[in-house]
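Okay, input03.txt now, which holds compact mmCIF, C-alpha atoms:
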# COMPACT_ATOMS: atom_id res chain seq x y z
CA MET A 52 56.32 27.78 -34.26
CA ALA A 53 56.91 31.11 -32.61
CA ALA A 54 59.84 33.20 -33.76
CA ALA A 55 62.46 35.15 -31.84
CA THR A 56 62.78 38.88 -32.35
CA PRO A 57 65.99 40.93 -32.01
CA LEU A 58 67.49 40.52 -28.59
CA HIS A 59 67.27 43.24 -25.98
CA GLY A 60 69.36 41.69 -23.20
CA GLY A 61 72.97 40.71 -23.63
CA PRO A 62 74.31 37.27 -22.65
CA ALA A 63 75.30 36.66 -19.08
CA PRO A 64 79.04 36.70 -18.27
CA PRO A 65 80.79 33.30 -18.45
CA ASN A 66 82.06 33.60 -14.88
CA PRO A 67 79.91 31.24 -12.69
CA GLN A 68 79.57 33.83 -9.92
CA LEU A 69 78.60 36.54 -12.39
CA THR A 70 76.14 34.14 -14.01
CA GLN A 71 74.49 33.46 -10.67
CA GLN A 72 74.39 37.18 -9.90
CA PHE A 73 72.89 37.90 -13.34
CA LEU A 74 70.14 35.31 -12.84
CA SER A 75 69.41 36.50 -9.31
CA ASN A 76 69.01 40.08 -10.56
CA VAL A 77 66.73 39.33 -13.52
CA LEU A 78 64.57 36.85 -11.59
CA SER A 79 64.10 39.24 -8.66
CA GLN A 80 62.94 42.18 -10.77
CA ARG A 81 59.45 43.56 -10.22
CA GLY A 82 57.20 45.74 -12.31
CA PRO A 83 56.60 45.86 -16.08
CA SER A 84 60.13 44.61 -16.86
CA SER A 85 59.87 41.53 -14.63
CA LEU A 86 60.05 38.05 -16.12
CA PRO A 87 56.68 36.19 -16.32
CA TYR A 88 57.67 33.16 -14.25
CA SER A 89 55.88 31.93 -11.13
CA GLU A 90 57.57 32.80 -7.84
CA ASP A 91 57.53 29.17 -6.68
CA VAL A 92 59.65 27.97 -9.64
CA LYS A 93 62.19 30.80 -9.98
CA ARG A 94 64.65 29.03 -7.69
CA LEU A 95 64.40 25.87 -9.85
CA ILE A 96 64.86 27.91 -13.06
CA ARG A 97 67.99 29.52 -11.61
CA HIS A 98 69.33 26.09 -10.62
CA HIS A 99 68.72 24.67 -14.12
CA LEU A 100 70.53 27.53 -15.88
CA VAL A 101 73.44 27.64 -13.43
CA THR A 102 73.94 23.87 -13.69
CA LEU A 103 73.82 24.06 -17.50
CA ALA A 104 76.33 26.93 -17.67
CA GLU A 105 78.73 25.16 -15.32
CA ALA A 106 78.57 21.84 -17.21
CA ILE A 107 78.58 23.33 -20.74
CA PRO A 108 80.37 26.73 -20.61
CA SER A 109 79.60 27.36 -24.29
CA ILE A 110 75.94 27.90 -23.33
CA GLN A 111 75.10 30.92 -21.22
CA PRO A 112 71.79 32.44 -20.06
CA ARG A 113 70.49 35.82 -21.19
CA THR A 114 67.21 37.68 -21.59
CA ALA A 115 65.53 38.38 -24.91
CA THR A 116 62.17 39.27 -26.43
CA TYR A 117 60.08 36.34 -27.65
CA THR A 118 57.26 36.81 -30.18
CA HIS A 119 54.36 34.35 -30.14
CA ASN A 120 52.42 33.27 -33.22
CA ASP A 121 49.59 35.66 -32.31
CA GLY A 122 51.97 38.65 -32.24
CA ARG A 123 52.33 38.93 -28.46
CA THR A 124 55.83 39.77 -27.24
CA VAL A 125 57.24 38.86 -23.86
CA ASN A 126 60.63 39.15 -22.21
CA LEU A 127 61.98 35.65 -21.45
CA LEU A 128 65.13 33.87 -20.41
CA GLN A 129 67.03 31.83 -22.98
CA ALA A 130 70.08 29.56 -22.99
CA TYR A 131 72.19 30.74 -25.94
CA GLY A 132 75.30 29.09 -27.31
CA THR A 133 76.55 25.85 -28.80
CA VAL A 134 75.98 22.27 -27.74
CA PRO A 135 78.87 19.84 -28.35
CA MET A 136 78.32 16.73 -30.44
CA ASP A 137 80.67 13.89 -31.37
CA TYR A 138 80.62 12.92 -35.02
CA MET A 139 83.09 10.50 -36.56
CA GLY A 140 85.42 10.84 -33.60
CA VAL A 141 85.53 14.65 -33.68
CA THR A 142 83.67 17.10 -31.43
CA TYR A 143 81.67 19.81 -33.24
CA GLN A 144 79.62 22.70 -31.87
CA ILE A 145 75.97 23.06 -32.92
CA PRO A 146 74.55 26.56 -32.24
CA ILE A 147 71.17 26.42 -30.44
CA ILE A 148 68.76 28.69 -28.59
CA VAL A 149 66.65 27.30 -25.74
CA TRP A 150 63.70 29.54 -24.83
CA LEU A 151 62.30 29.19 -21.32
CA VAL A 152 58.59 29.83 -21.95
CA GLU A 153 56.25 31.38 -19.36
CA THR A 154 55.11 27.99 -18.02
CA TYR A 155 58.63 26.55 -17.67
CA PRO A 156 59.63 24.24 -15.94
CA ARG A 157 56.16 22.67 -15.70
CA HIS A 158 56.17 22.59 -19.51
CA PRO A 159 59.15 21.96 -21.81
CA PRO A 160 61.17 24.83 -23.31
CA CYS A 161 61.22 25.77 -27.00
CA VAL A 162 64.48 24.73 -28.70
CA TYR A 163 65.80 26.02 -32.02
CA VAL A 164 69.00 25.39 -33.92
CA ASN A 165 70.61 28.72 -34.77
CA PRO A 166 72.61 28.27 -37.99
CA THR A 167 75.08 30.94 -39.08
CA ARG A 168 75.12 32.43 -42.58
CA GLU A 169 77.41 29.67 -43.79
CA MET A 170 75.13 26.90 -42.51
CA VAL A 171 71.91 25.33 -43.78
CA ILE A 172 69.47 23.00 -42.06
CA LYS A 173 69.37 19.46 -43.34
CA ARG A 174 66.11 18.54 -45.06
CA PRO A 175 64.51 16.33 -44.07
CA HIS A 176 65.69 15.78 -40.50
CA PRO A 177 63.90 13.57 -37.93
CA PHE A 178 64.25 16.10 -35.10
CA VAL A 179 64.60 19.56 -36.75
CA ASN A 180 62.04 21.15 -39.07
CA PRO A 181 62.99 23.62 -41.85
CA ASN A 182 62.34 26.57 -39.48
CA GLY A 183 64.95 25.27 -37.04
CA ALA A 184 62.49 24.13 -34.34
CA VAL A 185 63.70 21.04 -32.50
CA SER A 186 61.36 18.23 -31.43
CA VAL A 187 62.95 15.27 -29.64
CA PRO A 188 61.44 12.57 -27.38
CA TYR A 189 62.96 14.23 -24.31
CA LEU A 190 60.86 17.36 -24.95
CA GLN A 191 57.75 15.37 -25.83
CA ASN A 192 58.02 13.36 -22.59
CA TRP A 193 59.03 16.26 -20.34
CA ILE A 194 58.38 15.39 -16.69
CA TYR A 195 58.26 18.09 -14.02
CA PRO A 196 60.34 18.49 -11.87
CA SER A 197 62.88 15.80 -12.85
CA SER A 198 63.51 17.01 -16.43
CA ASN A 199 66.14 19.76 -16.76
CA LEU A 200 68.16 21.74 -19.31
CA LEU A 201 71.48 19.92 -18.81
CA ASP A 202 70.00 16.49 -19.60
CA LEU A 203 68.16 18.06 -22.56
CA CYS A 204 71.37 19.48 -24.07
CA ARG A 205 73.23 16.21 -23.53
CA ASN A 206 70.39 14.35 -25.24
CA LEU A 207 70.53 16.83 -28.13
CA GLY A 208 74.28 16.24 -28.47
CA GLN A 209 73.76 12.49 -28.65
CA LEU A 210 70.94 12.70 -31.21
CA PHE A 211 72.75 15.31 -33.36
CA GLY A 212 75.87 13.15 -33.28
CA ARG A 213 73.94 10.34 -34.93
CA ASP A 214 72.33 12.62 -37.52
CA PRO A 215 73.79 16.17 -37.71
CA PRO A 216 71.11 18.79 -38.41
CA LEU A 217 73.37 21.44 -40.06
CA TYR A 218 75.54 21.61 -43.18
CA SER A 219 77.93 24.29 -44.29
CA GLN A 220 77.54 26.16 -47.57
CA ARG A 221 80.93 26.17 -49.28
CA ARG A 222 81.69 29.09 -51.54
CA VAL A 223 83.73 27.86 -54.50
CA SER A 224 85.96 30.42 -56.22
CA PRO A 225 87.16 29.97 -59.83
CA SER A 226 90.37 27.93 -59.89
CA THR A 227 92.59 26.44 -62.55
CA ASN A 228 93.63 23.60 -60.32
CA PRO A 229 92.36 20.46 -62.02
CA GLY A 230 92.12 18.68 -58.65
CA ILE A 231 89.48 21.12 -57.44
CA GLY A 232 87.30 21.02 -60.52
CA SER A 233 84.95 23.58 -62.01
CA THR A 234 82.11 25.36 -60.24
CA ALA A 235 79.53 23.06 -61.76
CA SER A 236 81.37 19.97 -60.63
CA GLN A 237 81.76 21.42 -57.13
CA GLN A 238 78.02 22.14 -56.91
CA SER A 239 77.32 18.62 -58.09
CA PHE A 240 79.65 17.31 -55.38
CA ASN A 241 77.80 19.23 -52.69
CA SER A 242 74.45 18.01 -54.01
CA ASN A 243 75.60 14.42 -53.99
CA ALA A 244 76.98 14.85 -50.50
CA VAL A 245 73.70 16.15 -49.15
CA SER A 246 71.70 13.36 -50.69
CA SER A 247 74.06 10.55 -49.72
CA GLY A 248 73.47 10.77 -45.93
CA PRO A 249 74.26 12.67 -42.74
CA ARG A 250 77.56 14.55 -42.96
CA VAL A 251 79.05 17.53 -41.17
CA TYR A 252 80.70 20.27 -43.19
CA GLN A 253 83.13 22.82 -41.97
CA THR A 254 81.94 26.23 -40.77
CA THR A 255 83.57 29.46 -39.82
CA PRO A 256 85.01 29.60 -36.30
CA SER A 257 82.23 29.58 -33.66
CA PRO A 258 81.92 32.67 -31.46
CA TYR A 259 81.91 30.31 -28.47
CA GLY A 260 85.24 28.71 -29.37
CA PRO A 261 85.90 25.24 -30.85
CA ALA A 262 85.84 22.20 -28.67
CA ALA A 263 89.00 20.40 -27.63
CA GLY A 264 90.42 18.30 -30.44
CA ASP A 265 88.22 19.98 -33.08
CA THR A 266 90.87 19.98 -35.79
CA ARG A 267 88.65 19.20 -38.73
CA LEU A 268 86.95 22.60 -38.63
CA SER A 269 89.86 24.15 -40.48
CA GLN A 270 90.26 21.41 -43.07
CA PRO A 271 88.98 22.36 -46.52
CA GLN A 272 88.18 18.78 -47.51
CA GLN A 273 84.79 17.18 -47.03
CA VAL A 274 84.51 13.66 -45.72
CA GLN A 275 82.23 11.28 -47.55
CA ARG A 276 81.24 7.93 -46.19
CA ALA A 277 78.41 5.66 -47.15
CA ASP A 278 76.07 4.78 -44.31
CA ASP A 279 76.18 1.19 -43.14
CA PRO A 280 72.63 -0.31 -43.26
CA ALA A 281 73.28 -2.13 -40.01
CA GLU A 282 74.36 1.15 -38.39
CA VAL A 283 71.23 2.89 -39.69
CA PHE A 284 69.05 0.07 -38.39
CA ARG A 285 70.81 0.16 -35.02
CA ARG A 286 70.41 3.94 -34.78
CA ASN A 287 66.70 3.79 -35.66
CA ALA A 288 66.16 0.94 -33.20
CA ILE A 289 67.87 2.93 -30.43
CA ASN A 290 65.73 5.99 -31.18
CA LYS A 291 62.58 3.86 -31.17
CA LEU A 292 63.54 2.23 -27.87
CA VAL A 293 64.31 5.62 -26.31
CA GLU A 294 60.96 6.99 -27.47
CA MET A 295 59.10 3.94 -26.16
CA SER A 296 60.96 4.17 -22.86
CA HIS A 297 60.05 7.83 -22.47
CA LYS A 298 56.38 7.05 -23.18
CA ASP A 299 56.38 4.19 -20.67
CA ILE A 300 58.06 6.37 -18.04
CA SER A 301 55.57 9.16 -18.68
CA SER A 302 52.53 6.87 -18.40
CA LEU A 303 53.97 5.20 -15.30
CA SER A 304 54.70 8.58 -13.73
CA LYS A 305 51.15 9.78 -14.41
CA SER A 306 49.63 6.65 -12.91
CA ARG A 307 51.87 6.87 -9.85
CA GLU A 308 51.02 10.55 -9.44
CA GLY A 309 47.33 9.64 -9.49
CA GLU A 310 47.87 6.94 -6.88
CA ILE A 311 49.89 9.29 -4.69
CA GLU A 312 47.18 11.95 -4.98
CA GLY A 313 44.55 9.39 -3.97
CA LEU A 314 46.65 8.33 -0.98
CA PHE A 315 47.08 11.96 0.09
CA ASN A 316 43.31 12.46 -0.11
CA ALA A 317 42.71 9.31 1.92
CA GLN A 318 45.26 10.50 4.47
CA GLY A 319 43.44 13.82 4.80
CA VAL A 320 40.10 12.04 5.31
CA LEU A 321 41.62 9.74 7.93
CA ARG A 322 43.08 12.70 9.79
CA GLN A 323 39.67 14.40 9.83
CA ARG A 324 38.08 11.23 11.16
CA GLU A 325 40.81 10.96 13.79
CA GLY A 326 39.92 14.46 14.97
CA HIS A 327 36.21 13.59 15.08
CA LEU A 328 36.93 10.43 17.06
CA ALA A 329 39.17 12.29 19.52
CA ARG A 330 36.46 14.91 20.10
CA GLY A 331 33.82 12.18 20.49
CA VAL A 332 35.93 10.31 23.07
CA GLY A 333 36.44 13.54 25.02
CA GLU A 334 32.72 14.26 25.01
CA LEU A 335 31.95 10.71 26.16
CA LEU A 336 34.46 11.00 29.01
CA ASN A 337 32.91 14.30 30.13
CA GLU A 338 29.43 12.79 29.94
CA LYS A 339 30.62 9.78 31.96
CA GLU A 340 31.97 12.05 34.71
CA GLY A 341 28.68 13.96 34.82
CA LEU A 342 26.65 10.75 35.03
CA GLU A 343 28.86 9.44 37.81
CA GLN A 344 28.28 12.63 39.79
CA GLN A 345 24.52 12.39 39.21
CA LEU A 346 24.60 8.74 40.27
CA GLN A 347 26.33 9.67 43.51
CA MET A 348 23.70 12.34 44.21
CA ILE A 349 20.86 9.89 43.46
CA LEU A 350 22.37 7.25 45.74
CA MET A 351 22.81 9.81 48.52
CA ASN A 352 19.23 11.07 48.16
CA ALA A 353 17.90 7.52 48.05
CA GLU A 354 19.75 6.71 51.26
CA MET A 355 18.32 9.80 52.93
CA VAL A 356 14.77 8.92 51.83
CA GLU A 357 15.14 5.34 53.05
CA ALA A 358 16.42 6.57 56.41
CA TRP A 359 13.49 8.95 56.73
CA LEU A 360 11.03 6.23 55.87
CA ARG A 361 12.50 3.95 58.50
CA GLU A 362 12.28 6.68 61.13
CA ASN A 363 8.69 7.68 60.31
CA GLN A 364 7.15 4.36 59.30
CA GLY A 365 5.70 3.76 62.80
CA LYS A 366 4.21 7.24 63.06
CA VAL A 367 1.85 6.73 60.15
CA ARG A 368 -0.36 4.33 62.10
CA ASN A 369 -0.77 6.73 65.02
CA VAL A 370 -1.62 9.75 62.87
CA GLY A 371 -5.28 10.67 62.37
CA ASN A 372 -6.45 13.74 60.50
CA VAL A 373 -3.29 15.67 59.73
CA ASP A 374 -2.99 19.06 58.06
CA VAL A 375 -1.23 18.72 54.69
CA ASP A 376 0.95 21.74 55.37
CA ASP A 377 2.21 20.11 58.56
CA VAL A 378 3.17 16.82 56.96
CA ILE A 379 6.40 18.12 55.44
CA TYR A 380 8.42 20.58 57.43
CA PRO A 381 11.93 21.91 56.79
CA CYS A 382 14.78 20.27 58.61
CA ASP A 383 16.90 23.42 58.91
CA PRO A 384 16.57 27.19 58.52
CA LEU A 385 18.05 27.15 55.00
CA SER A 386 15.46 24.65 53.80
CA LYS A 387 12.67 26.72 55.36
CA GLN A 388 14.00 29.87 53.66
CA LEU A 389 14.26 27.96 50.36
CA ILE A 390 10.61 26.85 50.55
CA GLU A 391 9.37 30.34 51.38
CA THR A 392 11.48 31.99 48.69
CA TYR A 393 10.47 29.44 46.04
CA SER A 394 6.78 29.94 46.97
CA SER A 395 7.19 33.70 46.59
CA ASP A 396 8.81 33.23 43.20
CA LEU A 397 5.91 31.07 41.98
CA ALA A 398 3.40 33.53 43.38
CA ILE A 399 5.03 36.42 41.50
CA GLU A 400 5.01 34.30 38.33
CA ASP A 401 1.25 33.74 38.75
CA ALA A 402 0.71 37.43 39.41
CA ILE A 403 2.55 38.45 36.24
CA TYR A 404 0.48 35.92 34.25
CA SER A 405 -2.73 37.39 35.71
CA LEU A 406 -1.56 40.91 34.83
CA ASP A 407 -0.97 39.76 31.22
CA LYS A 408 -4.55 38.46 31.01
CA ALA A 409 -5.87 41.66 32.59
CA LEU A 410 -3.97 43.79 30.10
CA GLN A 411 -5.38 41.75 27.22
CA ASP A 412 -8.91 42.16 28.62
CA GLY A 413 -8.40 45.91 29.18
CA ALA A 414 -8.85 45.68 32.95
CA VAL A 415 -5.62 47.62 33.63
CA SER A 416 -3.91 50.42 31.74
CA PHE A 417 -0.65 49.90 29.97
CA ASP A 418 1.31 52.31 32.22
CA GLN A 419 0.00 50.64 35.37
CA TYR A 420 0.85 47.24 33.88
CA LEU A 421 4.46 48.28 33.20
CA ARG A 422 4.96 49.75 36.68
CA THR A 423 3.54 46.67 38.40
CA VAL A 424 5.49 44.20 36.27
CA ARG A 425 8.72 46.16 36.80
CA SER A 426 8.22 46.08 40.58
CA LEU A 427 7.34 42.37 40.60
CA SER A 428 10.29 41.53 38.35
CA ARG A 429 12.73 43.21 40.75
CA GLU A 430 11.30 41.23 43.63
CA GLN A 431 11.34 38.00 41.61
CA PHE A 432 15.01 38.56 40.66
CA VAL A 433 15.92 38.86 44.36
CA HIS A 434 14.03 35.65 45.19
CA ARG A 435 15.70 33.69 42.38
CA ALA A 436 19.16 34.92 43.38
CA THR A 437 18.43 33.81 46.94
CA ILE A 438 17.30 30.38 45.72
CA ALA A 439 20.53 29.92 43.72
CA LYS A 440 22.62 30.91 46.73
CA ILE A 441 20.79 28.51 49.08
CA LYS A 442 21.11 25.61 46.62
CA SER A 443 24.85 26.23 46.32
CA VAL A 444 25.31 26.16 50.09
CA GLN A 445 23.19 23.00 50.44
CA MET A 446 25.13 21.29 47.66
CA GLN A 447 28.41 21.96 49.41
CA ALA A 448 26.94 20.61 52.65
CA GLN A 449 25.67 17.46 50.92
CA VAL A 450 29.04 16.79 49.33
CA ALA A 451 30.75 17.17 52.70
CA ASN A 452 28.18 14.90 54.30
CA MET A 453 28.60 12.30 51.54
CA GLY A 454 32.36 12.35 52.01
CA ALA A 455 31.97 11.84 55.74
CA ARG A 456 29.58 8.93 55.22
CA THR A 457 31.87 7.32 52.68
CA SER A 458 34.80 7.52 55.07
CA ARG A 459 32.68 5.98 57.86
CA MET A 460 31.59 3.15 55.56
CA LEU A 461 35.16 2.43 54.59
CA ASN A 462 36.24 2.43 58.23
CA ALA A 463 33.38 0.11 59.10
CA GLU A 464 34.42 -2.33 56.36
Translate the structure described by the file into structure tokens.
Amino acid sequence: MAAATPLHGGPAPPNPQLTQQFLSNVLSQRGPSSLPYSEDVKRLIRHHLVTLAEAIPSIQPRTATYTHNDGRTVNLLQAYGTVPMDYMGVTYQIPIIVWLVETYPRHPPCVYVNPTREMVIKRPHPFVNPNGAVSVPYLQNWIYPSSNLLDLCRNLGQLFGRDPPLYSQRRVSPSTNPGIGSTASQQSFNSNAVSSGPRVYQTTPSPYGPAAGDTRLSQPQQVQRADDPAEVFRRNAINKLVEMSHKDISSLSKSREGEIEGLFNAQGVLRQREGHLARGVGELLNEKEGLEQQLQMILMNAEMVEAWLRENQGKVRNVGNVDVDDVIYPCDPLSKQLIETYSSDLAIEDAIYSLDKALQDGAVSFDQYLRTVRSLSREQFVHRATIAKIKSVQMQAQVANMGARTSRMLNAE
């Protein structure tokens, strides 16, 4: 496990407002001295530490330098203080340090017990290794973002109350009192006490202050009590059930997260398809309107052709040799101008094509070709603009005529 180096930042003040101000200042710093947490989780980190300090005033946040196993050092936040535990009806304070690593709160913090000089770590202990590192099911089954520091410390207090991780080293001075015994007998007493089961020994006063009702801290006697096998079995069964519950919750949470992610993906695909369908319906509606307009024009033209055929059907029998150019004649000046202009446009197109062939054959020079094509193009542009203008005017006239005919048909019906 990584080790903590000497602290650079002092603990935050116990006042809740000052604690909040301290966390706001250190989390908002920028530059080389800034803390290595993601911006999107700093608010959650501040909430976790403030909630912990308000619920357990003996634990306060501060900044310190953390050294990784590979020698890297980084400035991190830590919760430093004592966590209360109830043992044999008395509340004791266990000193701990909770390091908020760079990936917190998406990953669990690093927790260490912090024994004083008069304390030793119990060996072996199910949740604390000889270096003081703590490993409990709550840390192993850490779930972001529901897991938090307050629940962690409360869980530590419950587990430590069943099996305290620390013992006090009692210094025995030479005494003639036969009730105390010699140094050898005292050492033997301590050895027997350690081997007989989980017991809590008295320590020097904690710098965070004793808990309410903690009267046994000042008593010089040690309490010995044999563990009840049924109690040990019950405690182990509870720990096993808690561990199994955490594993089940973790697996269920992962499966539900996968299902939710799949549903979100399906929702995104459905929204994309909804957009495609909406655009397709709009395009179909526009196409329908265009087809209806074309249908109206075709019906109008068909009616005009049928009327013309009815008017001129009898003339065909009386016509002998007729000039082709006289068969079709314009019905109004605009139509006549349209025919003449369109003929001129086609003639210029043929002339330009002939000039291209002549240039390829070398019949005309390149300069003469450019001058002629430029002149013809200007003339052709004028003809095409005239054609577009005439068609626009005729279209407006046809629409007006169609409206008048429709109104007459409705009146006739």
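Proximity of A:Val356, A:Val162, A:Ile441, A:Leu69 to Ala184 (chain A), computed with only C-alpha atoms, is greatest for A:Val162.
Between CA of Leu200 (chain A) and CA of Thr124 (chain A) there is a distance of 23.2 Å.
When all atoms listed in the file are used to measure the gap to Pro216 (chain A), the shortest distance among A:Pro188, A:Tyr138, A:Arg285, A:Glu340 belongs to A:Tyr138.
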Shortest interatomic distance to Glu153 (chain A) - which of A:Ala409, A:Leu210, A:Leu128, A:Ile403, counting all atoms listed in the file: A:Leu128
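For the pair CA of Val149 (chain A) and CA of Gln129 (chain A), the interatomic distance is 5.3 Å.
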